[in-house]
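Engineer: The structure file query37.cif (mmCIF, N, CA and C atoms) is provided below.
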data_work
#
loop_
_atom_site.label_atom_id
_atom_site.label_comp_id
_atom_site.auth_asym_id
_atom_site.auth_seq_id
_atom_site.Cartn_x
_atom_site.Cartn_y
_atom_site.Cartn_z
N MET A 1 8.22 -15.72 4.36
CA MET A 1 7.54 -14.57 4.93
C MET A 1 7.40 -14.72 6.44
N LYS A 2 7.09 -15.94 6.88
CA LYS A 2 6.94 -16.17 8.31
C LYS A 2 8.25 -15.95 9.05
N SER A 3 9.36 -16.32 8.42
CA SER A 3 10.65 -16.14 9.09
C SER A 3 10.99 -14.65 9.25
N VAL A 4 10.61 -13.84 8.27
CA VAL A 4 10.84 -12.40 8.36
C VAL A 4 10.02 -11.81 9.50
N ILE A 5 8.75 -12.21 9.57
CA ILE A 5 7.88 -11.72 10.63
C ILE A 5 8.41 -12.17 11.99
N LEU A 6 8.86 -13.41 12.08
CA LEU A 6 9.39 -13.92 13.33
C LEU A 6 10.64 -13.17 13.75
N ARG A 7 11.54 -12.89 12.78
CA ARG A 7 12.76 -12.14 13.10
C ARG A 7 12.45 -10.74 13.60
N TYR A 8 11.55 -10.04 12.91
CA TYR A 8 11.21 -8.68 13.32
C TYR A 8 10.51 -8.66 14.67
N SER A 9 9.63 -9.62 14.90
CA SER A 9 8.94 -9.64 16.20
C SER A 9 9.93 -9.95 17.31
N LEU A 10 10.88 -10.83 17.07
CA LEU A 10 11.90 -11.13 18.08
C LEU A 10 12.77 -9.91 18.33
N LEU A 11 13.16 -9.21 17.28
CA LEU A 11 13.96 -8.00 17.42
C LEU A 11 13.21 -6.93 18.21
N LEU A 12 11.94 -6.73 17.88
CA LEU A 12 11.15 -5.73 18.60
C LEU A 12 10.96 -6.12 20.06
N PHE A 13 10.79 -7.41 20.33
CA PHE A 13 10.67 -7.87 21.71
C PHE A 13 11.95 -7.58 22.49
N MET A 14 13.11 -7.86 21.87
CA MET A 14 14.38 -7.61 22.56
C MET A 14 14.59 -6.11 22.81
N LEU A 15 14.24 -5.28 21.84
CA LEU A 15 14.37 -3.83 22.03
C LEU A 15 13.44 -3.33 23.12
N LEU A 16 12.22 -3.84 23.15
CA LEU A 16 11.29 -3.45 24.19
C LEU A 16 11.79 -3.88 25.56
N ALA A 17 12.31 -5.09 25.66
CA ALA A 17 12.86 -5.57 26.94
C ALA A 17 14.04 -4.71 27.38
N LEU A 18 14.89 -4.33 26.43
CA LEU A 18 16.03 -3.47 26.74
C LEU A 18 15.58 -2.11 27.25
N PHE A 19 14.60 -1.50 26.56
CA PHE A 19 14.09 -0.20 26.99
C PHE A 19 13.41 -0.29 28.35
N LYS A 20 12.67 -1.36 28.57
CA LYS A 20 12.02 -1.54 29.88
C LYS A 20 13.07 -1.70 30.99
N GLY A 21 14.18 -2.37 30.67
CA GLY A 21 15.27 -2.49 31.64
C GLY A 21 15.86 -1.13 31.99
N PHE A 22 16.11 -0.31 30.97
CA PHE A 22 16.61 1.04 31.21
C PHE A 22 15.60 1.86 32.01
N GLU A 23 14.34 1.71 31.66
CA GLU A 23 13.28 2.44 32.36
C GLU A 23 13.23 2.03 33.84
N TYR A 24 13.34 0.74 34.10
CA TYR A 24 13.34 0.26 35.49
C TYR A 24 14.54 0.82 36.24
N ALA A 25 15.71 0.79 35.60
CA ALA A 25 16.91 1.31 36.25
C ALA A 25 16.77 2.80 36.54
N PHE A 26 16.13 3.54 35.63
CA PHE A 26 15.94 4.97 35.86
C PHE A 26 14.98 5.21 37.02
N PHE A 27 13.83 4.54 37.00
CA PHE A 27 12.83 4.78 38.04
C PHE A 27 13.24 4.21 39.39
N SER A 28 14.14 3.27 39.42
CA SER A 28 14.63 2.78 40.70
C SER A 28 15.87 3.56 41.15
N HIS A 29 16.14 4.66 40.47
CA HIS A 29 17.22 5.61 40.81
C HIS A 29 18.61 5.00 40.72
N ARG A 30 18.79 4.04 39.83
CA ARG A 30 20.12 3.46 39.62
C ARG A 30 20.92 4.26 38.60
N ILE A 31 20.21 4.92 37.67
CA ILE A 31 20.90 5.76 36.71
C ILE A 31 20.25 7.14 36.71
N ALA A 32 21.05 8.14 36.35
CA ALA A 32 20.57 9.52 36.34
C ALA A 32 19.74 9.79 35.10
N LEU A 33 18.98 10.89 35.15
CA LEU A 33 18.11 11.25 34.04
C LEU A 33 18.89 11.48 32.76
N ASP A 34 20.01 12.19 32.82
CA ASP A 34 20.77 12.48 31.62
C ASP A 34 21.35 11.20 30.99
N VAL A 35 21.72 10.22 31.79
CA VAL A 35 22.22 8.96 31.26
C VAL A 35 21.07 8.20 30.59
N TYR A 36 19.90 8.18 31.24
CA TYR A 36 18.73 7.50 30.69
C TYR A 36 18.33 8.12 29.35
N LEU A 37 18.25 9.45 29.29
CA LEU A 37 17.88 10.13 28.05
C LEU A 37 18.95 9.94 26.97
N GLY A 38 20.22 9.94 27.37
CA GLY A 38 21.30 9.73 26.41
C GLY A 38 21.25 8.34 25.80
N ILE A 39 21.01 7.33 26.63
CA ILE A 39 20.91 5.95 26.13
C ILE A 39 19.72 5.80 25.20
N THR A 40 18.58 6.41 25.59
CA THR A 40 17.39 6.33 24.76
C THR A 40 17.61 7.03 23.41
N ALA A 41 18.19 8.22 23.44
CA ALA A 41 18.45 8.96 22.21
C ALA A 41 19.43 8.22 21.30
N LEU A 42 20.49 7.68 21.88
CA LEU A 42 21.47 6.94 21.11
C LEU A 42 20.85 5.68 20.50
N SER A 43 20.00 5.02 21.25
CA SER A 43 19.32 3.82 20.74
C SER A 43 18.45 4.15 19.55
N PHE A 44 17.67 5.22 19.65
CA PHE A 44 16.81 5.59 18.53
C PHE A 44 17.62 6.08 17.34
N LEU A 45 18.75 6.71 17.57
CA LEU A 45 19.62 7.12 16.48
C LEU A 45 20.15 5.91 15.72
N ILE A 46 20.57 4.89 16.46
CA ILE A 46 21.08 3.67 15.83
C ILE A 46 19.97 2.95 15.06
N ILE A 47 18.79 2.85 15.68
CA ILE A 47 17.66 2.20 15.02
C ILE A 47 17.29 2.95 13.74
N GLY A 48 17.27 4.27 13.79
CA GLY A 48 16.94 5.07 12.61
C GLY A 48 17.98 4.89 11.51
N ALA A 49 19.27 4.88 11.88
CA ALA A 49 20.32 4.69 10.88
C ALA A 49 20.22 3.31 10.23
N LEU A 50 19.93 2.29 11.02
CA LEU A 50 19.78 0.94 10.45
C LEU A 50 18.55 0.85 9.56
N ALA A 51 17.47 1.50 9.96
CA ALA A 51 16.25 1.49 9.15
C ALA A 51 16.49 2.16 7.82
N VAL A 52 17.20 3.30 7.83
CA VAL A 52 17.50 3.99 6.57
C VAL A 52 18.41 3.13 5.70
N ARG A 53 19.37 2.50 6.31
CA ARG A 53 20.32 1.70 5.53
C ARG A 53 19.66 0.50 4.87
N TYR A 54 18.78 -0.18 5.60
CA TYR A 54 18.23 -1.42 5.08
C TYR A 54 16.82 -1.30 4.48
N LEU A 55 16.09 -0.26 4.81
CA LEU A 55 14.72 -0.14 4.33
C LEU A 55 14.51 0.95 3.30
N TRP A 56 15.40 1.93 3.23
CA TRP A 56 15.26 3.04 2.29
C TRP A 56 15.65 2.58 0.90
N PRO A 57 14.90 2.98 -0.15
CA PRO A 57 15.28 2.55 -1.51
C PRO A 57 16.61 3.18 -1.93
N ARG A 58 17.41 2.38 -2.59
CA ARG A 58 18.73 2.85 -3.03
C ARG A 58 18.63 3.59 -4.36
N PRO A 59 19.46 4.61 -4.58
CA PRO A 59 19.45 5.30 -5.86
C PRO A 59 19.86 4.34 -6.98
N GLY A 60 19.20 4.48 -8.10
CA GLY A 60 19.52 3.62 -9.23
C GLY A 60 18.79 2.29 -9.21
N GLY A 61 18.16 1.96 -8.08
CA GLY A 61 17.41 0.72 -8.00
C GLY A 61 16.04 0.89 -8.62
N LYS A 62 15.37 -0.21 -8.84
CA LYS A 62 14.03 -0.14 -9.41
C LYS A 62 13.07 0.37 -8.35
N PRO A 63 12.18 1.27 -8.70
CA PRO A 63 11.21 1.75 -7.73
C PRO A 63 10.24 0.64 -7.35
N HIS A 64 9.74 0.73 -6.11
CA HIS A 64 8.83 -0.29 -5.60
C HIS A 64 7.45 -0.20 -6.24
N THR A 65 7.14 0.93 -6.88
CA THR A 65 5.80 1.12 -7.44
C THR A 65 5.71 0.67 -8.90
N GLU A 66 6.73 -0.02 -9.38
CA GLU A 66 6.73 -0.47 -10.77
C GLU A 66 5.61 -1.50 -10.96
N THR A 67 4.77 -1.24 -11.94
CA THR A 67 3.67 -2.16 -12.20
C THR A 67 3.93 -2.88 -13.51
N PRO A 68 3.66 -4.17 -13.53
CA PRO A 68 3.87 -4.91 -14.77
C PRO A 68 2.83 -4.53 -15.82
N GLU A 69 3.16 -4.79 -17.07
CA GLU A 69 2.24 -4.50 -18.17
C GLU A 69 1.03 -5.43 -18.08
N PRO A 70 -0.15 -4.92 -18.43
CA PRO A 70 -1.33 -5.79 -18.42
C PRO A 70 -1.24 -6.87 -19.49
N ASP A 71 -1.86 -7.98 -19.22
CA ASP A 71 -1.88 -9.10 -20.15
C ASP A 71 -2.72 -8.73 -21.37
N PRO A 72 -2.15 -8.75 -22.58
CA PRO A 72 -2.91 -8.36 -23.78
C PRO A 72 -4.15 -9.22 -24.01
N ALA A 73 -4.05 -10.51 -23.71
CA ALA A 73 -5.21 -11.40 -23.90
C ALA A 73 -6.35 -11.00 -22.96
N LEU A 74 -5.99 -10.57 -21.78
CA LEU A 74 -7.00 -10.14 -20.81
C LEU A 74 -7.62 -8.81 -21.23
N LEU A 75 -6.79 -7.92 -21.75
CA LEU A 75 -7.29 -6.62 -22.20
C LEU A 75 -8.24 -6.73 -23.38
N GLN A 76 -8.06 -7.75 -24.21
CA GLN A 76 -8.91 -7.92 -25.38
C GLN A 76 -10.35 -8.26 -25.01
N GLN A 77 -10.54 -8.73 -23.79
CA GLN A 77 -11.91 -9.03 -23.33
C GLN A 77 -12.74 -7.77 -23.14
N PHE A 78 -12.07 -6.64 -22.96
CA PHE A 78 -12.74 -5.38 -22.67
C PHE A 78 -12.66 -4.46 -23.88
N SER A 79 -13.77 -3.83 -24.18
CA SER A 79 -13.77 -2.86 -25.28
C SER A 79 -12.97 -1.62 -24.86
N GLN A 80 -12.63 -0.79 -25.84
CA GLN A 80 -11.89 0.44 -25.54
C GLN A 80 -12.68 1.32 -24.59
N ARG A 81 -13.99 1.41 -24.81
CA ARG A 81 -14.86 2.23 -23.96
C ARG A 81 -14.90 1.68 -22.53
N GLU A 82 -14.97 0.36 -22.40
CA GLU A 82 -14.99 -0.26 -21.06
C GLU A 82 -13.68 0.01 -20.33
N GLN A 83 -12.58 -0.01 -21.06
CA GLN A 83 -11.30 0.30 -20.44
C GLN A 83 -11.25 1.74 -19.95
N GLU A 84 -11.80 2.67 -20.75
CA GLU A 84 -11.85 4.08 -20.33
C GLU A 84 -12.72 4.22 -19.08
N ILE A 85 -13.86 3.57 -19.08
CA ILE A 85 -14.77 3.66 -17.93
C ILE A 85 -14.12 3.03 -16.70
N LEU A 86 -13.39 1.95 -16.88
CA LEU A 86 -12.70 1.31 -15.77
C LEU A 86 -11.65 2.23 -15.16
N ARG A 87 -10.93 2.96 -16.01
CA ARG A 87 -9.94 3.93 -15.49
C ARG A 87 -10.62 5.04 -14.69
N LEU A 88 -11.72 5.56 -15.24
CA LEU A 88 -12.44 6.61 -14.53
C LEU A 88 -13.05 6.08 -13.23
N LEU A 89 -13.53 4.87 -13.27
CA LEU A 89 -14.09 4.24 -12.07
C LEU A 89 -13.02 4.11 -10.98
N ALA A 90 -11.83 3.71 -11.38
CA ALA A 90 -10.73 3.55 -10.42
C ALA A 90 -10.31 4.89 -9.82
N HIS A 91 -10.53 5.99 -10.57
CA HIS A 91 -10.19 7.31 -10.06
C HIS A 91 -11.31 7.91 -9.22
N GLY A 92 -12.40 7.16 -9.04
CA GLY A 92 -13.46 7.61 -8.15
C GLY A 92 -14.54 8.46 -8.78
N TYR A 93 -14.62 8.46 -10.09
CA TYR A 93 -15.66 9.24 -10.77
C TYR A 93 -17.04 8.63 -10.51
N THR A 94 -18.05 9.49 -10.41
CA THR A 94 -19.42 9.02 -10.33
C THR A 94 -19.92 8.73 -11.74
N ASN A 95 -21.11 8.12 -11.83
CA ASN A 95 -21.68 7.83 -13.15
C ASN A 95 -21.90 9.11 -13.95
N LYS A 96 -22.40 10.14 -13.28
CA LYS A 96 -22.65 11.42 -13.98
C LYS A 96 -21.35 12.05 -14.46
N GLU A 97 -20.30 11.98 -13.63
CA GLU A 97 -19.01 12.55 -14.03
C GLU A 97 -18.41 11.79 -15.21
N MET A 98 -18.56 10.45 -15.18
CA MET A 98 -18.07 9.66 -16.32
C MET A 98 -18.84 10.01 -17.59
N ALA A 99 -20.15 10.15 -17.46
CA ALA A 99 -20.98 10.48 -18.62
C ALA A 99 -20.57 11.83 -19.20
N ALA A 100 -20.32 12.81 -18.35
CA ALA A 100 -19.91 14.13 -18.82
C ALA A 100 -18.52 14.07 -19.47
N ALA A 101 -17.60 13.33 -18.86
CA ALA A 101 -16.24 13.26 -19.39
C ALA A 101 -16.19 12.55 -20.74
N LEU A 102 -17.03 11.52 -20.90
CA LEU A 102 -17.00 10.73 -22.13
C LEU A 102 -18.09 11.14 -23.12
N LYS A 103 -18.88 12.15 -22.74
CA LYS A 103 -19.99 12.64 -23.58
C LYS A 103 -20.95 11.51 -23.93
N LEU A 104 -21.36 10.79 -22.88
CA LEU A 104 -22.31 9.69 -23.02
C LEU A 104 -23.48 9.91 -22.07
N SER A 105 -24.50 9.15 -22.24
CA SER A 105 -25.65 9.19 -21.34
C SER A 105 -25.31 8.41 -20.07
N PRO A 106 -25.83 8.83 -18.90
CA PRO A 106 -25.61 8.05 -17.67
C PRO A 106 -26.12 6.61 -17.78
N ASN A 107 -27.18 6.40 -18.56
CA ASN A 107 -27.68 5.04 -18.75
C ASN A 107 -26.69 4.19 -19.53
N THR A 108 -25.99 4.79 -20.48
CA THR A 108 -24.95 4.06 -21.23
C THR A 108 -23.81 3.67 -20.30
N ILE A 109 -23.46 4.59 -19.41
CA ILE A 109 -22.42 4.31 -18.43
C ILE A 109 -22.84 3.13 -17.56
N LYS A 110 -24.09 3.13 -17.12
CA LYS A 110 -24.59 2.02 -16.29
C LYS A 110 -24.51 0.69 -17.03
N THR A 111 -24.83 0.72 -18.30
CA THR A 111 -24.76 -0.51 -19.10
C THR A 111 -23.32 -1.01 -19.20
N HIS A 112 -22.40 -0.09 -19.47
CA HIS A 112 -20.98 -0.47 -19.53
C HIS A 112 -20.51 -1.01 -18.18
N LEU A 113 -20.95 -0.38 -17.09
CA LEU A 113 -20.55 -0.85 -15.76
C LEU A 113 -21.08 -2.25 -15.48
N LYS A 114 -22.31 -2.52 -15.87
CA LYS A 114 -22.87 -3.87 -15.69
C LYS A 114 -22.05 -4.89 -16.46
N ASN A 115 -21.66 -4.54 -17.69
CA ASN A 115 -20.81 -5.44 -18.48
C ASN A 115 -19.46 -5.66 -17.81
N LEU A 116 -18.89 -4.58 -17.27
CA LEU A 116 -17.61 -4.69 -16.55
C LEU A 116 -17.74 -5.60 -15.34
N TYR A 117 -18.81 -5.40 -14.57
CA TYR A 117 -19.02 -6.23 -13.37
C TYR A 117 -19.11 -7.70 -13.75
N THR A 118 -19.79 -7.98 -14.84
CA THR A 118 -19.94 -9.37 -15.28
C THR A 118 -18.59 -9.94 -15.70
N LYS A 119 -17.84 -9.19 -16.48
CA LYS A 119 -16.55 -9.68 -16.97
C LYS A 119 -15.53 -9.84 -15.84
N LEU A 120 -15.59 -8.95 -14.85
CA LEU A 120 -14.67 -9.03 -13.71
C LEU A 120 -15.19 -9.94 -12.60
N GLN A 121 -16.43 -10.39 -12.73
CA GLN A 121 -17.07 -11.25 -11.74
C GLN A 121 -17.13 -10.59 -10.37
N VAL A 122 -17.63 -9.34 -10.36
CA VAL A 122 -17.79 -8.57 -9.12
C VAL A 122 -19.22 -8.04 -9.07
N THR A 123 -19.56 -7.42 -7.93
CA THR A 123 -20.94 -6.93 -7.78
C THR A 123 -21.04 -5.42 -7.56
N ASN A 124 -19.91 -4.73 -7.33
CA ASN A 124 -19.99 -3.29 -7.15
C ASN A 124 -18.73 -2.60 -7.66
N ARG A 125 -18.75 -1.27 -7.66
CA ARG A 125 -17.66 -0.50 -8.25
C ARG A 125 -16.37 -0.60 -7.46
N THR A 126 -16.45 -0.72 -6.16
CA THR A 126 -15.23 -0.86 -5.35
C THR A 126 -14.53 -2.16 -5.67
N GLN A 127 -15.31 -3.23 -5.75
CA GLN A 127 -14.73 -4.52 -6.11
C GLN A 127 -14.17 -4.50 -7.52
N ALA A 128 -14.83 -3.81 -8.42
CA ALA A 128 -14.37 -3.73 -9.81
C ALA A 128 -13.02 -3.02 -9.88
N ALA A 129 -12.87 -1.92 -9.18
CA ALA A 129 -11.60 -1.20 -9.19
C ALA A 129 -10.50 -2.04 -8.57
N ALA A 130 -10.81 -2.72 -7.47
CA ALA A 130 -9.80 -3.55 -6.81
C ALA A 130 -9.39 -4.72 -7.70
N GLU A 131 -10.34 -5.35 -8.33
CA GLU A 131 -10.05 -6.49 -9.22
C GLU A 131 -9.24 -6.03 -10.43
N ALA A 132 -9.56 -4.87 -10.97
CA ALA A 132 -8.82 -4.35 -12.12
C ALA A 132 -7.37 -4.06 -11.74
N LYS A 133 -7.16 -3.53 -10.56
CA LYS A 133 -5.78 -3.27 -10.11
C LYS A 133 -5.05 -4.57 -9.88
N LEU A 134 -5.76 -5.54 -9.32
CA LEU A 134 -5.16 -6.85 -9.07
C LEU A 134 -4.73 -7.54 -10.36
N LEU A 135 -5.54 -7.38 -11.40
CA LEU A 135 -5.24 -7.99 -12.71
C LEU A 135 -4.34 -7.11 -13.58
N ASN A 136 -3.87 -5.98 -13.04
CA ASN A 136 -3.02 -5.03 -13.75
C ASN A 136 -3.69 -4.48 -15.00
N LEU A 137 -4.98 -4.24 -14.91
CA LEU A 137 -5.69 -3.66 -16.05
C LEU A 137 -5.59 -2.13 -16.05
N LEU A 138 -5.17 -1.56 -14.95
CA LEU A 138 -5.09 -0.09 -14.85
C LEU A 138 -3.66 0.37 -14.96
#
Represent the structure of the file as structure tokens.

Structural biologist:
Amino acid sequence: MKSVILRYSLLLFMLLALFKGFEYAFFSHRIALDVYLGITALSFLIIGALAVRYLWPRPGGKPHTETPEPDPALLQQFSQREQEILRLLAHGYTNKEMAAALKLSPNTIKTHLKNLYTKLQVTNRTQAAAEAKLLNLL
């Protein structure tokens, strides 16, 4: 990972130095405006073409958003109701909205959330949603 970051930072540094060189040549009246704009436009065209070629997902390839299946042993720790509440929690539902959607009392929702927090070893709903996504429970 460090080598990738180093390569990209070196590449960006070289491109910036090149553009600054063109900018200096333009402002010191060594090159005309149309040549400066043409070089800049051509440079961005090449950079864009390379970015599309190497960074754009290819047809037929696996999408980057593919999520692995949750671990069945991990899922067994949570009741069916807790899993439903966890999904609603991750979608940003409030306690009242969860209670209405699941036809439960808000106090029951709070109890389930406390159990979820304990099982996920977190202290609030944001952490619970993040931990659930991290563990591929959603």

Engineer: Distance atom C of Ala17 of chain A-atom CA of Phe44 of chain A, one decimal place?

Structural biologist: 13.9 Å

Engineer: Would you mind reading off the distance between atom N of Leu102 of chain A and atom CA of Leu86 of chain A, one decimal, in Å?

Structural biologist: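 Taking atom N of Leu102 of chain A and atom CA of Leu86 of chain A, their separation equals 12.2 Å.
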
Engineer: Near Gly92 of chain A, within 10 Å and counting only C-alpha atoms, which residues show up once chain neighbours fewer than 6 positions away are dropped, as a list of chain:residue names?

Structural biologist: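 Close residues of Gly92 of chain A: A:Leu86, A:Met98, A:Arg125, A:Thr126, A:Ala129.
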
Engineer: With distances taken over only C-alpha atoms, which of A:Leu55, A:Leu33, A:Ser43, A:Pro70 is nearest to Leu16 of chain A?

Structural biologist: A:Ser43

Engineer: Could you please determine the separation between atom CA of Tyr36 of chain A and atom CA of Leu18 of chain A in Å, to one decimal place?

Structural biologist: 12.0 Å
